[in-house]
Protein chains: 2
Amino acid sequence: MPSDAPAWSLHSRLKEDTIDIGDLPLCRVLVIKDANYPWLLLVPRRHEAVEIIDLDEVEQAQLIAEISRVARALKEIRPRPVWGAVPPLAQDAEEVQNFISALRRKIWLG
Amino acid sequence: MPSDAPAWSLHSRLKEDTIDIGDLPLCRVLVIKDANYPWLLLVPRRHEAVEIIDLDEVEQAQLIAEISRVARALKEIRPRPVWGAVPPLAQDAEEVQNFISALRRKIWLG
């Protein structure tokens with residue numbers, strides 16, 4: 001990275017809600033402070049990267065490699081799916097239907 | 001896909017716990033049946049694909065495109081982070097330290 005490139009910094013919301021595990025070549029690895037879920041976040045240390053497509057192609061490939069590595073580690077330590085730890089809250093039929101309809105419109109026609 | 005390729009099918013655990021939203025070119029889009037979290041899953045319709053690296057490079061690029069599309073749709077509908085919907089459960093300090101140590105060993109030295 002050229003020394004005059006804008007510095008990367010972790011979003012304050014993430015800083016508050018997570019514990020820093022360490023850095024991979026591209027991403028900072030974070031765990032959410034919530035004993036219900038072993039949520040891990042991989043945050044690319046790139047200034048103003050918000051979407052995956054804000055990364056260039058080499059970085060996208062690196063992201064996939066890092067996701068695979070972390071996912072494999074997590075699966076060895078905790079081989080259960082992330083949902084189901086807390087009893088699910090019953091969905092309101094109309095609300096979920098609205099959510100799904102809105103998503104469908106955005107995903108397929110958006 | 002050649003007609004003699006083994007057929008893809010959705011894992012029974014996923015079938016039980018999710019609602020089918022529809023198919024993108026590579027992935028089936030699912031939403032977890034839990035009103036606490038608007039968890040969306042993208043499952044590549046590829047026989048025995050478990051890790052991202054089980055997909056070939058073209059499929060990996062397609063997966064990234066589909067994740068971006070779905071993430072953007074979800075952000076427009078629900079612009080909050082997925083955690084924080086349910087009050088977090090306080091972490092046991094020793095337990096979280098053990099979890100983090102185990103992860104670190106697996107991720108960096110595994």
# chains A, B, ... in the order shown; residues from 1 in each chain; ligands from 1
call {"tool": "closest_atom_pairs", "arguments": {"of": "chain A", "to": "stretch 59-62 of chain B", "cutoff": "12 Å", "atoms": "only C-alpha atoms", "output": "Markdown table"}}
result
| residue | atom | partner | partner_atom | distance |
| --- | --- | --- | --- | --- |
| A:Ile52 | CA | B:Ala61 | CA | 10.8 |
| A:Ile53 | CA | B:Ala61 | CA | 10.3 |
| A:Asp56 | CA | B:Ala61 | CA | 11.8 |
| A:Glu57 | CA | B:Ala61 | CA | 9.0 |
| A:Val58 | CA | B:Ala61 | CA | 11.3 |
| A:Glu59 | CA | B:Ala61 | CA | 11.9 |
| A:Gln60 | CA | B:Ala61 | CA | 8.5 |
| A:Ala61 | CA | B:Gln60 | CA | 8.5 |
| A:Gln62 | CA | B:Gln60 | CA | 11.6 |
| A:Leu63 | CA | B:Gln60 | CA | 11.0 |
| A:Ile64 | CA | B:Gln60 | CA | 8.1 |
| A:Ala65 | CA | B:Gln60 | CA | 10.7 |
| A:Ser68 | CA | B:Gln60 | CA | 11.8 |
call {"tool": "interface_residues", "arguments": {"of": "chain A", "to": "chain B", "cutoff": "7 Å", "atoms": "only C-alpha atoms", "output": "JSON, numbers by chain"}}
result
{"A": [21, 33, 34, 35, 36, 51, 52, 68, 69, 70, 73, 74, 88, 89, 90, 91, 100, 103, 106, 107]}
call {"tool": "write_last_selection", "arguments": {"atoms": "N, CA and C atoms", "output": "compact mmCIF listing (two decimals), in the first residue's frame"}}
result
# COMPACT_ATOMS: atom_id res chain seq x y z
N ILE A 21 -9.30 -10.96 17.23
CA ILE A 21 -8.60 -12.24 17.32
C ILE A 21 -7.22 -12.15 16.67
N LYS A 33 -19.14 -10.28 20.76
CA LYS A 33 -19.28 -10.50 22.21
C LYS A 33 -20.69 -10.97 22.54
N ASP A 34 -20.99 -12.22 22.28
CA ASP A 34 -22.30 -12.77 22.59
C ASP A 34 -22.14 -14.28 22.72
N ALA A 35 -22.34 -14.77 23.95
CA ALA A 35 -22.11 -16.19 24.20
C ALA A 35 -23.12 -17.07 23.48
N ASN A 36 -24.24 -16.50 23.01
CA ASN A 36 -25.22 -17.31 22.27
C ASN A 36 -24.66 -17.83 20.96
N GLU A 51 -18.73 -3.25 0.11
CA GLU A 51 -19.21 -4.45 -0.56
C GLU A 51 -18.01 -5.31 -0.96
N ILE A 52 -18.29 -6.60 -1.17
CA ILE A 52 -17.23 -7.49 -1.66
C ILE A 52 -16.67 -6.97 -2.98
N SER A 68 -12.44 -19.61 3.94
CA SER A 68 -12.34 -21.07 4.00
C SER A 68 -11.52 -21.51 5.21
N ARG A 69 -10.41 -20.81 5.42
CA ARG A 69 -9.53 -21.18 6.53
C ARG A 69 -10.23 -21.01 7.87
N VAL A 70 -10.89 -19.87 8.05
CA VAL A 70 -11.56 -19.59 9.32
C VAL A 70 -12.76 -20.52 9.51
N ALA A 73 -11.57 -23.91 10.61
CA ALA A 73 -11.16 -23.87 12.01
C ALA A 73 -12.38 -23.88 12.93
N LEU A 74 -13.37 -23.07 12.58
CA LEU A 74 -14.57 -22.98 13.43
C LEU A 74 -15.31 -24.30 13.45
N PRO A 88 -35.79 -20.37 18.48
CA PRO A 88 -36.22 -19.39 17.49
C PRO A 88 -37.50 -18.70 17.92
N LEU A 89 -37.63 -17.45 17.55
CA LEU A 89 -38.87 -16.70 17.80
C LEU A 89 -39.80 -16.99 16.63
N ALA A 90 -41.05 -17.37 16.98
CA ALA A 90 -42.00 -17.68 15.91
C ALA A 90 -42.18 -16.47 15.01
N GLN A 91 -42.20 -16.71 13.71
CA GLN A 91 -42.35 -15.62 12.76
C GLN A 91 -43.82 -15.28 12.58
N ILE A 100 -40.10 -11.56 2.66
CA ILE A 100 -39.70 -12.41 1.53
C ILE A 100 -40.07 -11.74 0.20
N LEU A 103 -37.64 -8.94 -0.48
CA LEU A 103 -36.35 -9.50 -0.88
C LEU A 103 -36.39 -10.00 -2.31
N LYS A 106 -36.17 -7.25 -4.77
CA LYS A 106 -34.83 -6.64 -4.83
C LYS A 106 -33.82 -7.57 -5.49
N ILE A 107 -33.89 -8.86 -5.16
CA ILE A 107 -32.86 -9.78 -5.64
C ILE A 107 -33.04 -10.08 -7.13
call {"tool": "select_by_dssp", "arguments": {"residues": "chain A", "states": "alpha helix (DSSP H)", "output": "PyMOL selection string"}}
result
chain A and resi 12-17+57-77+93-104
call {"tool": "atom_distance", "arguments": {"atom1": "atom CA of B:Pro79", "atom2": "atom CA of A:Arg80"}}
result
27.6 Å
call {"tool": "select_by_dssp", "arguments": {"residues": "chain B", "states": "strand (DSSP E or B)", "output": "list of chain:residue names"}}
result
B:Thr18, B:Ile19, B:Asp20, B:Ile21, B:Gly22, B:Asp23, B:Cys27, B:Arg28, B:Val29, B:Leu30, B:Val31, B:Ile32, B:Leu40, B:Leu41, B:Leu42, B:Val43, B:Pro44
call {"tool": "write_last_selection", "arguments": {"atoms": "N, CA, C and O atoms", "output": "PDB file, in the first residue's frame"}}
result
ATOM      1  N   THR B  18     -35.544 -23.736   7.204  1.00  0.00           N
ATOM      2  CA  THR B  18     -35.531 -22.555   6.337  1.00  0.00           C
ATOM      3  C   THR B  18     -36.761 -22.474   5.432  1.00  0.00           C
ATOM      4  O   THR B  18     -37.495 -23.449   5.279  1.00  0.00           O
ATOM      5  N   ILE B  19     -36.942 -21.299   4.852  1.00  0.00           N
ATOM      6  CA  ILE B  19     -37.947 -21.108   3.816  1.00  0.00           C
ATOM      7  C   ILE B  19     -37.204 -20.844   2.506  1.00  0.00           C
ATOM      8  O   ILE B  19     -36.245 -20.070   2.474  1.00  0.00           O
ATOM      9  N   ASP B  20     -37.659 -21.481   1.458  1.00  0.00           N
ATOM     10  CA  ASP B  20     -37.025 -21.359   0.141  1.00  0.00           C
ATOM     11  C   ASP B  20     -37.478 -20.053  -0.525  1.00  0.00           C
ATOM     12  O   ASP B  20     -38.674 -19.826  -0.707  1.00  0.00           O
ATOM     13  N   ILE B  21     -36.529 -19.180  -0.845  1.00  0.00           N
ATOM     14  CA  ILE B  21     -36.877 -17.899  -1.469  1.00  0.00           C
ATOM     15  C   ILE B  21     -36.824 -17.992  -2.984  1.00  0.00           C
ATOM     16  O   ILE B  21     -37.558 -17.310  -3.694  1.00  0.00           O
ATOM     17  N   GLY B  22     -35.917 -18.806  -3.483  1.00  0.00           N
ATOM     18  CA  GLY B  22     -35.800 -18.943  -4.934  1.00  0.00           C
ATOM     19  C   GLY B  22     -34.372 -19.261  -5.332  1.00  0.00           C
ATOM     20  O   GLY B  22     -33.493 -19.367  -4.471  1.00  0.00           O
ATOM     21  N   ASP B  23     -34.128 -19.420  -6.604  1.00  0.00           N
ATOM     22  CA  ASP B  23     -32.794 -19.784  -7.101  1.00  0.00           C
ATOM     23  C   ASP B  23     -32.151 -18.651  -7.886  1.00  0.00           C
ATOM     24  O   ASP B  23     -32.786 -18.042  -8.752  1.00  0.00           O
ATOM     25  N   CYS B  27     -26.876 -20.366  -6.753  1.00  0.00           N
ATOM     26  CA  CYS B  27     -27.296 -20.697  -5.381  1.00  0.00           C
ATOM     27  C   CYS B  27     -28.815 -20.717  -5.187  1.00  0.00           C
ATOM     28  O   CYS B  27     -29.544 -19.947  -5.814  1.00  0.00           O
ATOM     29  N   ARG B  28     -29.241 -21.567  -4.261  1.00  0.00           N
ATOM     30  CA  ARG B  28     -30.584 -21.463  -3.716  1.00  0.00           C
ATOM     31  C   ARG B  28     -30.533 -20.461  -2.558  1.00  0.00           C
ATOM     32  O   ARG B  28     -29.617 -20.491  -1.735  1.00  0.00           O
ATOM     33  N   VAL B  29     -31.521 -19.545  -2.514  1.00  0.00           N
ATOM     34  CA  VAL B  29     -31.571 -18.540  -1.457  1.00  0.00           C
ATOM     35  C   VAL B  29     -32.597 -18.979  -0.415  1.00  0.00           C
ATOM     36  O   VAL B  29     -33.752 -19.248  -0.744  1.00  0.00           O
ATOM     37  N   LEU B  30     -32.148 -19.053   0.845  1.00  0.00           N
ATOM     38  CA  LEU B  30     -33.005 -19.534   1.931  1.00  0.00           C
ATOM     39  C   LEU B  30     -33.042 -18.508   3.047  1.00  0.00           C
ATOM     40  O   LEU B  30     -32.070 -17.785   3.261  1.00  0.00           O
ATOM     41  N   VAL B  31     -34.164 -18.436   3.778  1.00  0.00           N
ATOM     42  CA  VAL B  31     -34.209 -17.605   4.973  1.00  0.00           C
ATOM     43  C   VAL B  31     -34.507 -18.515   6.162  1.00  0.00           C
ATOM     44  O   VAL B  31     -35.365 -19.402   6.105  1.00  0.00           O
ATOM     45  N   ILE B  32     -33.738 -18.333   7.251  1.00  0.00           N
ATOM     46  CA  ILE B  32     -33.920 -19.150   8.458  1.00  0.00           C
ATOM     47  C   ILE B  32     -35.251 -18.790   9.125  1.00  0.00           C
ATOM     48  O   ILE B  32     -35.610 -17.629   9.220  1.00  0.00           O
ATOM     49  N   LEU B  40     -30.042 -14.981   5.972  1.00  0.00           N
ATOM     50  CA  LEU B  40     -30.177 -15.531   4.626  1.00  0.00           C
ATOM     51  C   LEU B  40     -29.022 -16.479   4.356  1.00  0.00           C
ATOM     52  O   LEU B  40     -27.885 -16.200   4.719  1.00  0.00           O
ATOM     53  N   LEU B  41     -29.328 -17.588   3.724  1.00  0.00           N
ATOM     54  CA  LEU B  41     -28.284 -18.539   3.347  1.00  0.00           C
ATOM     55  C   LEU B  41     -28.254 -18.676   1.832  1.00  0.00           C
ATOM     56  O   LEU B  41     -29.306 -18.756   1.198  1.00  0.00           O
ATOM     57  N   LEU B  42     -27.064 -18.693   1.272  1.00  0.00           N
ATOM     58  CA  LEU B  42     -26.909 -19.003  -0.150  1.00  0.00           C
ATOM     59  C   LEU B  42     -26.238 -20.368  -0.257  1.00  0.00           C
ATOM     60  O   LEU B  42     -25.089 -20.523   0.159  1.00  0.00           O
ATOM     61  N   VAL B  43     -26.942 -21.326  -0.804  1.00  0.00           N
ATOM     62  CA  VAL B  43     -26.404 -22.681  -0.916  1.00  0.00           C
ATOM     63  C   VAL B  43     -26.157 -23.025  -2.385  1.00  0.00           C
ATOM     64  O   VAL B  43     -27.103 -23.158  -3.155  1.00  0.00           O
ATOM     65  N   PRO B  44     -24.884 -23.132  -2.785  1.00  0.00           N
ATOM     66  CA  PRO B  44     -24.588 -23.508  -4.178  1.00  0.00           C
ATOM     67  C   PRO B  44     -25.231 -24.857  -4.508  1.00  0.00           C
ATOM     68  O   PRO B  44     -25.104 -25.806  -3.733  1.00  0.00           O
TER      69      PRO B  44
END
call {"tool": "closest_atom_pairs", "arguments": {"of": "stretch 38-88 of chain B", "to": "stretch 5-11 of chain B", "cutoff": "6 Å", "atoms": "only C-alpha atoms", "output": "JSON lines"}}
result
{"residue": "B:Arg45", "atom": "CA", "partner": "B:Trp8", "partner_atom": "CA", "distance": 5.9}
{"residue": "B:Arg46", "atom": "CA", "partner": "B:Trp8", "partner_atom": "CA", "distance": 5.6}
{"residue": "B:His47", "atom": "CA", "partner": "B:Trp8", "partner_atom": "CA", "distance": 4.5}
call {"tool": "atom_distance", "arguments": {"atom1": "atom CA of A:Glu94", "atom2": "atom CA of B:Lys75"}}
result
20.4 Å
